[in-house]
Amino acid sequence: MTDRLSANPQPLPAPFSEPFVGDDTGRPVISMRDVSRRFGAQQVLRGISLDVRAGETLALIGESGCGKSVMMKLMAGLIRPSSGDVQWDGVSIMNRSDEELVRDRLRFGYLFQGAALFDSMTVHENIAFGLRQNTRMSDGFIREIVHERLRDVGMPPSAASKMPSELSGGMRKRVGLARTLALMPEIILYDEPTTGLDPIMIDVINTLILKTRARRPVTSVVVTHEMSTVRKVADRVIMFYPLNRLQPDESQIVFEGTPEEAFSSDDPRVSQFVYGEAGERMQELAML
Amino acid sequence: MAHSHRQTPENVKDTEVMSAVPVLNRTTPVHALGRVVIDSVMSLGELTLFAAQMLRWMLRGLPRRSVVLQSMHEVGVRSIPVVLITGMFIGMVLAVQGYSQFRLMRMETRLGAVINMTLVAELGPVLAATMLAGRVGSAMAAELGTMRVTEQIDALRALGANPVQYLVVPRFLASFLLIPLLTAFADAIGVIGGWMLSTLVLKIDSVYYWHYSSEFVTAWDFLTGLLKSMCFGAAISLIACHRGFNCGSGAEGVGRAATSSFVLSFIAILVSDFFLGMLFNEIYQTIWPGSSSFVSLVRCSGGQV
């Protein structure tokens, strides 16, 4: 893929002019500094500080509504924090204009929770969208890339003419991944990539995440509830906890470590989540 | 202009300004009125900023031609049947309603002047715009709202496209440029409908019908009608896109966006029609002092002004 992009005779904008070949140096590529985010009166994130290091696969886990997806959007600059600082490669993005963010965000690939395929476009047009929008590649060259990306995610080229409404949930996720990979991102953000899929398809997606990383050392952040995904793909795990269950002075990050450490944690909040135990929540429900 | 947008994590949007507004928990009528006023002013401010953002992105560069043409097809070509039917019946209704009144004054032959002037200057643009606010505006709000709810708008941004430039600019251009053209179609078919009913059913002499029409309906009336429809087109597309971009979560949010898009567009059409009418009258009086089509019509009938 890199060779093909390099061989393209037409002038290409970044990131295609200097194709990314991977970075596993461990330097912080995304840094969140004391980040808080509220929506109206509802605070979702409070004083979060964390780094995403080059080449690693970081899993963000936690209960629904604890702010994982919001954190991911903050990392990608899709929303701005209410307070705090977001840095890419150590440089704050807070003062960048919309135009600069649109350009700089091309180093990110974002797989959305529901795949977020453009439902008025075919699979081919979905995967080709980023290439058409940001490069001047010929239609023939784009078609080759689309077919290659489809093969990468285990789908036949004949699927290119289908509409998203004709695809199953797993196929939609895979097309979403193909669309994400088409732009050769340096950092890939997976927002619940396996939610709603059957166990076999969950393993397919997990394997695709691993294969993507094996091809070149991309940095990955995975928001997930699936502990099988955490166990299989993550190098490091960060667990968030809902603010409404914390005291005002408690950190929202209740765990940071390897997947093995998460499974052996003696913090009941962590073990309850990773082993999927309702615990005192059932008593809380009974009191309602 | 009730502000129905609810802030939730799924409905992500920068709203630091909104969060600065104190939450009013008391529910006396005065508080409720105050809340409505605050919401209305904020909605208007948001819409103005949205329009400014759209203009800024439009000046930076147009989206791909295929994207603009797709919007034009949706707004223009697919609206032709509904606009033609609307225009035809407006013309015929005007003929039916006007005939009995004009007959009392023995002015039946001048019916064409009134029908055609009303059509091109007022009813054609307003009713065509109203139909398009329902057909095009609601569809735009629902489409963009669905795209927001399903994160497709975030996906656009993640893929290096600006959603305002990619989604709003083509819809604005299509509405701004094609709604006047659709209005012209509505005017034309309305004129034909009014003429057919007047001459074939009401038995008004066709020669007199066209004679008085051509005497009283001026290019100015037609032009002001088209200028109004341009403003209506701009308002419909901006309101619809703004509602879609600020859609609440779920199917309920999309439904509300579509409904509020139509209601707000309809209000905008009527309010702007009033102010534009006054503005154009002032301009007309400045250029041609002391004259108007209506004055000519009354004089010609032998009445005093």
# chains A, B, ... in the order shown; residues from 1 in each chain; ligands from 1
>>> interface_residues(of="chain A", to="chain B", cutoff="9 Å", atoms="only C-alpha atoms", output="number ranges by chain")
A: 38-42, 44, 65, 67, 69-70, 73, 76, 78-82, 98-99, 101-106, 108-119, 129-131, 133-134, 179-180, 183
>>> atom_distance(atom1="CA of Pro199 in chain A", atom2="CA of Thr224 in chain A")
14.3 Å
>>> select_by_dssp(residues="range 43-123 of chain A", states="strand (DSSP E)", output="MDAnalysis selection string")
chainID A and resid 43:53 57:61 83:88 91:92 108:111
>>> write_last_selection(atoms="N, CA and C atoms", output="short mmCIF file (atom, residue, chain, number, x, y, z; two decimals), in the first residue's frame")
data_model
loop_
_atom_site.label_atom_id
_atom_site.label_comp_id
_atom_site.auth_asym_id
_atom_site.auth_seq_id
_atom_site.Cartn_x
_atom_site.Cartn_y
_atom_site.Cartn_z
N GLN A 43 -21.81 16.88 33.75
CA GLN A 43 -20.37 16.69 33.59
C GLN A 43 -20.11 15.22 33.29
N VAL A 44 -19.32 14.98 32.24
CA VAL A 44 -19.04 13.61 31.82
C VAL A 44 -17.61 13.22 32.17
N LEU A 45 -16.67 14.14 31.96
CA LEU A 45 -15.27 13.86 32.27
C LEU A 45 -14.75 14.95 33.20
N ARG A 46 -13.89 14.53 34.16
CA ARG A 46 -13.38 15.51 35.12
C ARG A 46 -11.89 15.29 35.36
N GLY A 47 -11.11 16.27 34.97
CA GLY A 47 -9.68 16.28 35.29
C GLY A 47 -8.90 15.07 34.83
N ILE A 48 -9.14 14.63 33.60
CA ILE A 48 -8.46 13.43 33.08
C ILE A 48 -7.10 13.82 32.50
N SER A 49 -6.06 13.10 32.92
CA SER A 49 -4.73 13.26 32.32
C SER A 49 -4.23 11.88 31.91
N LEU A 50 -3.88 11.75 30.67
CA LEU A 50 -3.32 10.47 30.21
C LEU A 50 -2.53 10.70 28.91
N ASP A 51 -1.65 9.74 28.61
CA ASP A 51 -0.88 9.78 27.37
C ASP A 51 -1.19 8.54 26.55
N VAL A 52 -1.22 8.71 25.25
CA VAL A 52 -1.26 7.56 24.34
C VAL A 52 0.11 7.51 23.68
N ARG A 53 0.80 6.37 23.82
CA ARG A 53 2.19 6.30 23.35
C ARG A 53 2.26 5.68 21.95
N THR A 57 -1.22 -0.27 21.78
CA THR A 57 -2.67 -0.40 21.66
C THR A 57 -3.24 -0.22 23.06
N LEU A 58 -3.92 0.88 23.23
CA LEU A 58 -4.48 1.25 24.53
C LEU A 58 -5.97 0.94 24.54
N ALA A 59 -6.42 0.21 25.53
CA ALA A 59 -7.86 -0.07 25.66
C ALA A 59 -8.45 0.82 26.74
N LEU A 60 -9.55 1.48 26.41
CA LEU A 60 -10.29 2.27 27.39
C LEU A 60 -11.53 1.46 27.75
N ILE A 61 -11.65 1.12 29.02
CA ILE A 61 -12.81 0.35 29.45
C ILE A 61 -13.56 1.11 30.54
N SER A 83 -12.52 22.25 29.72
CA SER A 83 -11.29 22.82 30.29
C SER A 83 -10.19 21.79 30.12
N GLY A 84 -8.94 22.23 30.27
CA GLY A 84 -7.81 21.33 30.10
C GLY A 84 -7.22 21.46 28.69
N ASP A 85 -6.25 20.59 28.41
CA ASP A 85 -5.51 20.72 27.17
C ASP A 85 -5.38 19.37 26.48
N VAL A 86 -5.55 19.37 25.16
CA VAL A 86 -5.31 18.17 24.35
C VAL A 86 -4.11 18.46 23.46
N GLN A 87 -3.14 17.55 23.48
CA GLN A 87 -1.92 17.77 22.69
C GLN A 87 -1.70 16.61 21.73
N TRP A 88 -1.30 16.96 20.52
CA TRP A 88 -0.85 15.96 19.55
C TRP A 88 0.66 16.14 19.39
N VAL A 91 2.09 19.12 21.18
CA VAL A 91 1.68 20.48 20.80
C VAL A 91 0.17 20.60 21.01
N SER A 92 -0.23 21.64 21.71
CA SER A 92 -1.65 21.83 22.00
C SER A 92 -2.45 22.05 20.72
N PHE A 108 -5.38 10.60 11.87
CA PHE A 108 -6.22 9.70 12.66
C PHE A 108 -7.16 8.91 11.76
N GLY A 109 -7.37 7.66 12.13
CA GLY A 109 -8.47 6.90 11.55
C GLY A 109 -9.46 6.65 12.67
N TYR A 110 -10.74 6.75 12.38
CA TYR A 110 -11.74 6.64 13.44
C TYR A 110 -12.79 5.62 13.01
N LEU A 111 -12.84 4.51 13.71
CA LEU A 111 -13.91 3.53 13.46
C LEU A 111 -15.03 3.79 14.45
#
>>> atom_distance(atom1="CA of Leu62 in chain B", atom2="CA of Thr135 in chain A")
16.0 Å
>>> residues_around(residues="Val204 in chain A", least_positions_apart="5", cutoff="9 Å", atoms="only C-alpha atoms", output="mmCIF file with C-alpha atoms, in the first residue's frame")
data_model
loop_
_atom_site.group_PDB
_atom_site.id
_atom_site.type_symbol
_atom_site.label_atom_id
_atom_site.label_comp_id
_atom_site.auth_asym_id
_atom_site.auth_seq_id
_atom_site.Cartn_x
_atom_site.Cartn_y
_atom_site.Cartn_z
ATOM 1 C CA VAL A 153 -10.964 -6.893 5.946
ATOM 2 C CA GLY A 170 -20.315 -7.349 11.096
ATOM 3 C CA PRO A 199 -18.615 -14.180 19.085
ATOM 4 C CA ILE A 209 -7.111 -5.066 14.574
#
>>> select_by_dssp(residues="range 45-277 of chain B", states="alpha helix (DSSP H)", output="number ranges by chain")
B: 45-60, 65-75, 80-104, 111-118, 124-132, 138-149, 152-158, 163, 169-196, 206-216, 219-245, 250-277
>>> closest_residue(among="B:Ala95, B:Leu182, B:Gly193, B:Leu270", to="Pro81 in chain B", atoms="only C-alpha atoms")
B:Leu182
>>> atom_distance(atom1="CA of Asp89 in chain A", atom2="CA of Glu250 in chain A")
28.3 Å
